[in-house]
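Report on the structure given below.
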Number of protein chains: 2
Amino acid sequence: MGDGLPFGAALIVNMEKNSPKYLELVKWIQQQIETKELQPGQKMYSENKLKDMFGVSRQTVRHAISVLENEGLIRRVQGSGTYINDNRLANLEKRTRVSVVTTYVDGYIFPRTIQGIENVLFEQGYSVQIAFTNNLNSRERTILEDIINRDEVAGIIMETTKSGIPNPNLHLYQEIRKRRIPIIFINSYYPLLKIPHVSINDRMAGRRVTRHLISMGHKKIGGIFKLDDGQGHLRYAGYVDAMNEAGLDIDDTKILWVDTEDVKHLEKSREKLLDRVAGCTGLFCYNDEVAFSLIEILKKEGIHVPEDISLASVDDSELAVLGDVQLTSVPHPMEHLGEKAAENLLKMIKDPTFDGTYEFDINIIQRDSVRKFK
Amino acid sequence: MGDGLPFGAALIVNMEKNSPKYLELVKWIQQQIETKELQPGQKMYSENKLKDMFGVSRQTVRHAISVLENEGLIRRVQGSGTYINDNRLANLEKRTRVSVVTTYVDGYIFPRTIQGIENVLFEQGYSVQIAFTNNLNSRERTILEDIINRDEVAGIIMETTKSGIPNPNLHLYQEIRKRRIPIIFINSYYPLLKIPHVSINDRMAGRRVTRHLISMGHKKIGGIFKLDDGQGHLRYAGYVDAMNEAGLDIDDTKILWVDTEDVKHLEKSREKLLDRVAGCTGLFCYNDEVAFSLIEILKKEGIHVPEDISLASVDDSELAVLGDVQLTSVPHPMEHLGEKAAENLLKMIKDPTFDGTYEFDINIIQRDSVRKFK
DNA sequence: TTGTACATCTTGTACGTACAAATTCGCAAG
DNA sequence: CTTGCGAATTTGTACGTACAAGATGTACAA
């Protein structure tokens, strides 16, 4: 075979620097691999070939090759030859740790979701690494940068931070995609990024709950929605869908937008709440936590659920059946969501073309917080 | 310097097998390091020395040494010599992941504990790996074996599985100690194993709660304790302490031992519960979960708390203030416990002689579930 | 068509030589 | 006592040779 070209290339490289010949050879081979002149799995030039090509001794060639072998780039087989390693197999597919990033650790949904994730991943031999953003974009950034820099995980399961407002870390998600690290969002997601998500159908949930209130005779229906969370936006959209379907007016003054912090201290929004509630017979609550707190606040004002106002929410958590008034609520899949997310992430790891998106169907559990309005 | 001895040793090794000379040399040097003949940091025999000692060429010696260098056991410095690497520094101290192993993910204590752990470790640049035993010794075994075999974590924070009954995995804890992987128990611990723990003082908690009942005039005091959990045993011991101090009789027929599964479905033990409760005016409840369920069960029987019976518990969780009857309870440190465990584990990583044991002080929050008995 | 033997090519082991480059240490000069 | 120089020591690079051992394909025989 003709070997004119390598000669030239070799000489040029050789001239460039005053570094040892064997290191120049290492560099040249690395370049060949990087520029795909040498494909993974393919057989490399034999030692004698390289010796002749570069005009060095076979020992020098062996020195260079042993460096590359220790780096894992190539593989030598006695009697057969030297081969380029498939790097992808050597890296991503050998990994057995998955990173789970969530916002807060709330008391009811998260523990069961993480348990679902861990159960599935553990069975498949993966370990689970966990980090919390505390719903801070700054911390989300640090965590993602850490994951990217360490470059050790097989995939990421991520609960997005403040998905309802523009995220300053989108470039990091781009970087993750560029590196082909499988990632899947849970609960919430960014519609603009084409990243798979596993969640309930939040828009349908908003619609289902509102429809239920309508079917029970309510016409003046307000709502409490989360502003900094994509789920809040979608549930609101579903609420609007249902109201429009029924030909009912949407009264902006009966909608209260809260953020994650507000939810934890709902009593601080007492005046606003009472203002929104006044004149409504039914109310959509973003989740059980909101509904539960609201019932307590209203009770102190002498407003009783469901006698004075009906309300329905989403999550069907422990809170739904813990208080005096058992909540009508849309169940959250909890560990099933975690399991599904983990299963789909594993499929994405095995097959990068697999689309891991899954939305759970919606149903509604009727209890005591909604009554018929005549 | 005399070099008679190495000659003999070398020859013997050389005779043993029909493997390449350079591999025999590798083996010999590895043995020297393992048997501490060559100490970390110390200078190795020079290439020429080894060449003479083993009667091989310098190239063969270099081959052997390069193998060991790639394994990270030794370090070569041109002009100076070859040195034995300090393995501990190269391994354990460079690690930045901590494994957290817990039993179940309950709804209130665990999420805040893990949050405390994660906050502290994240700030110090560590990542957190998590696994759940589901309170099964078999799964605890698999998880620990996995941790040991992978040999990647800087330390372990562990909630013991069924610490109240003999653990079949003690040999794994021995192995972990042998490998000098720092480990710390949380909540519960094995007194026989000298492994540090961070927990509340459970015996004091049992004593404090029982004393409170006694101080409120109760004399016939029963208790519900967890059998499969060391914390249950200790709280019982504290209960006994307090009863003895006050000169009160302990009536075995008023003590109910439950296991972790029973707690989740307390209504299944209804008959036993009613039997134990009968004749008592005060009751120690293992935790809020037990107390909360018990109040519901008793209510259905027409027995009211605190009018008909007083009860106090441990944890002071969300459940304590969620029901109709607000619970008198001993607070669990929750995230503080996680933070303390993480801080002490980090100290143990930096200083292997540090004893990470810490027990939180006990106080009691008085609410509505205990009334004065005349 | 199948199986065996052989030539040939490949990497592996092993020895030897020579000189380069970095470090160390002793010795002499200041 | 300090500084500087040079010799000695140590590892690094580079070449060469020789033979061993494993893999592969071809020619030939059954």
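Labeling convention for the structure tokens: chains A, B, ... as they appear, residues from 1 per chain, ligands from 1 in order of appearance.
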Residues of chain B within 8 Å of chain D: nearest atom pair and distance (Å, one decimal) for each, counting only C-alpha atoms (C1' of nucleotides), sorted by chain and number, as a tab-separated table?
residue	atom	partner	partner_atom	distance
B:Ser46	CA	D:DT10	C1'	7.1
B:Arg76	CA	D:DT11	C1'	7.4
B:Val77	CA	D:DT11	C1'	6.6
B:Gln78	CA	D:DT11	C1'	4.2
B:Gly79	CA	D:DT10	C1'	4.4
B:Ser80	CA	D:DT10	C1'	5.5
B:Gly81	CA	D:DT10	C1'	5.6
Restrict the distance test to only C-alpha atoms, flag each residue of chain B within 6 Å of chain A, and return the flagged residues as a ChimeraX atom specification.
/B:105,107-108,111,128-130
Mind dumping the selected residues with N, CA, C and O atoms as an mmCIF file, in the first residue's frame?
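Here's the written file selection.cif:
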data_model
loop_
_atom_site.group_PDB
_atom_site.id
_atom_site.type_symbol
_atom_site.label_atom_id
_atom_site.label_comp_id
_atom_site.auth_asym_id
_atom_site.auth_seq_id
_atom_site.Cartn_x
_atom_site.Cartn_y
_atom_site.Cartn_z
ATOM 1 N N VAL B 105 -38.213 5.465 53.668
ATOM 2 C CA VAL B 105 -38.325 6.905 53.550
ATOM 3 C C VAL B 105 -39.642 7.287 54.193
ATOM 4 O O VAL B 105 -40.678 7.299 53.539
ATOM 5 N N GLY B 107 -42.362 9.823 56.013
ATOM 6 C CA GLY B 107 -42.828 11.078 55.442
ATOM 7 C C GLY B 107 -42.313 12.315 56.131
ATOM 8 O O GLY B 107 -42.407 13.404 55.585
ATOM 9 N N TYR B 108 -41.756 12.198 57.341
ATOM 10 C CA TYR B 108 -41.439 13.459 58.001
ATOM 11 C C TYR B 108 -40.004 13.574 58.517
ATOM 12 O O TYR B 108 -39.350 14.562 58.274
ATOM 13 N N PRO B 111 -36.945 13.029 55.253
ATOM 14 C CA PRO B 111 -36.665 14.080 54.266
ATOM 15 C C PRO B 111 -35.839 15.213 54.851
ATOM 16 O O PRO B 111 -34.930 15.730 54.201
ATOM 17 N N VAL B 128 -23.730 13.185 47.398
ATOM 18 C CA VAL B 128 -24.416 12.246 48.279
ATOM 19 C C VAL B 128 -25.035 11.123 47.458
ATOM 20 O O VAL B 128 -25.782 11.370 46.513
ATOM 21 N N GLN B 129 -24.700 9.906 47.828
ATOM 22 C CA GLN B 129 -25.263 8.736 47.171
ATOM 23 C C GLN B 129 -26.233 8.104 48.149
ATOM 24 O O GLN B 129 -25.977 8.062 49.344
ATOM 25 N N ILE B 130 -27.361 7.627 47.661
ATOM 26 C CA ILE B 130 -28.388 7.187 48.590
ATOM 27 C C ILE B 130 -28.871 5.790 48.256
ATOM 28 O O ILE B 130 -28.887 5.386 47.097
#
Go through chain C and flag each residue having an atom no more than 12 Å from chain B; for those, report the closest pair of atoms plus their distance in Å to one decimal, using only C-alpha atoms (C1' of nucleotides), ordered by chain and rising number, as a tab-separated table.
residue	atom	partner	partner_atom	distance
C:DG12	C1'	B:Pro20	CA	9.6
C:DT13	C1'	B:Pro20	CA	7.0
C:DA14	C1'	B:Thr60	CA	6.9
C:DC15	C1'	B:Ser57	CA	6.2
C:DG16	C1'	B:Ser57	CA	8.0
C:DT17	C1'	B:Arg58	CA	11.2
C:DA20	C1'	B:Gly79	CA	11.2
C:DA21	C1'	B:Gly79	CA	7.6
C:DA22	C1'	B:Gly79	CA	4.3
C:DT23	C1'	B:Gly79	CA	4.3
C:DT24	C1'	B:Ser80	CA	7.3
C:DC25	C1'	B:Ser80	CA	11.7
C-alpha atoms (C1' of nucleotides) of the current selection, written as an mmCIF file, in the first residue's frame:
data_model
loop_
_atom_site.group_PDB
_atom_site.id
_atom_site.type_symbol
_atom_site.label_atom_id
_atom_site.label_comp_id
_atom_site.auth_asym_id
_atom_site.auth_seq_id
_atom_site.Cartn_x
_atom_site.Cartn_y
_atom_site.Cartn_z
ATOM 1 C "C1'" DG C 12 5.550 -9.941 23.735
ATOM 2 C "C1'" DT C 13 9.834 -10.686 26.239
ATOM 3 C "C1'" DA C 14 14.663 -9.863 26.935
ATOM 4 C "C1'" DC C 15 19.106 -8.395 26.398
ATOM 5 C "C1'" DG C 16 22.577 -4.762 25.255
ATOM 6 C "C1'" DT C 17 24.411 -0.045 24.307
ATOM 7 C "C1'" DA C 20 20.371 13.016 27.749
ATOM 8 C "C1'" DA C 21 18.365 15.248 31.611
ATOM 9 C "C1'" DA C 22 17.386 15.904 36.350
ATOM 10 C "C1'" DT C 23 18.768 15.428 41.028
ATOM 11 C "C1'" DT C 24 21.898 14.853 44.847
ATOM 12 C "C1'" DC C 25 25.807 15.461 47.383
#
Have a look at CA of Val314 in chain A and CA of Ser215 in chain A and let me know their distance in Å, one decimal.
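Going from CA of Val314 in chain A over to CA of Ser215 in chain A covers 17.5 Å.
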Report as a PyMOL selection string all protein, DNA and RNA residues lying within 10 Å of Gly282 in chain B, evaluated on only C-alpha atoms (C1' of nucleotides), omitting residues in the same chain fewer than 5 positions from it.
chain B and resi 210+213-214+216-223+277+305-306+308-312+369-371+373
All alpha helix (DSSP H) residues (DSSP, backbone) inside range 278-329 of chain A, as a PyMOL selection string:
chain A and resi 288-300
Can you tell me which residues surround Ile148 in chain B at a distance of at most 10 Å, considering only C-alpha atoms (C1' of nucleotides), apart from same-chain residues fewer than 4 positions away, and format the answer as number ranges by chain?
B: 142-144, 152-153, 172-173, 175-176, 179, 181
Quick one: pull the distance between CA of Ile255 in chain B and CA of Asp316 in chain B, Å, one decimal.
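About the pair CA of Ile255 in chain B and CA of Asp316 in chain B: they are 22.0 Å apart.
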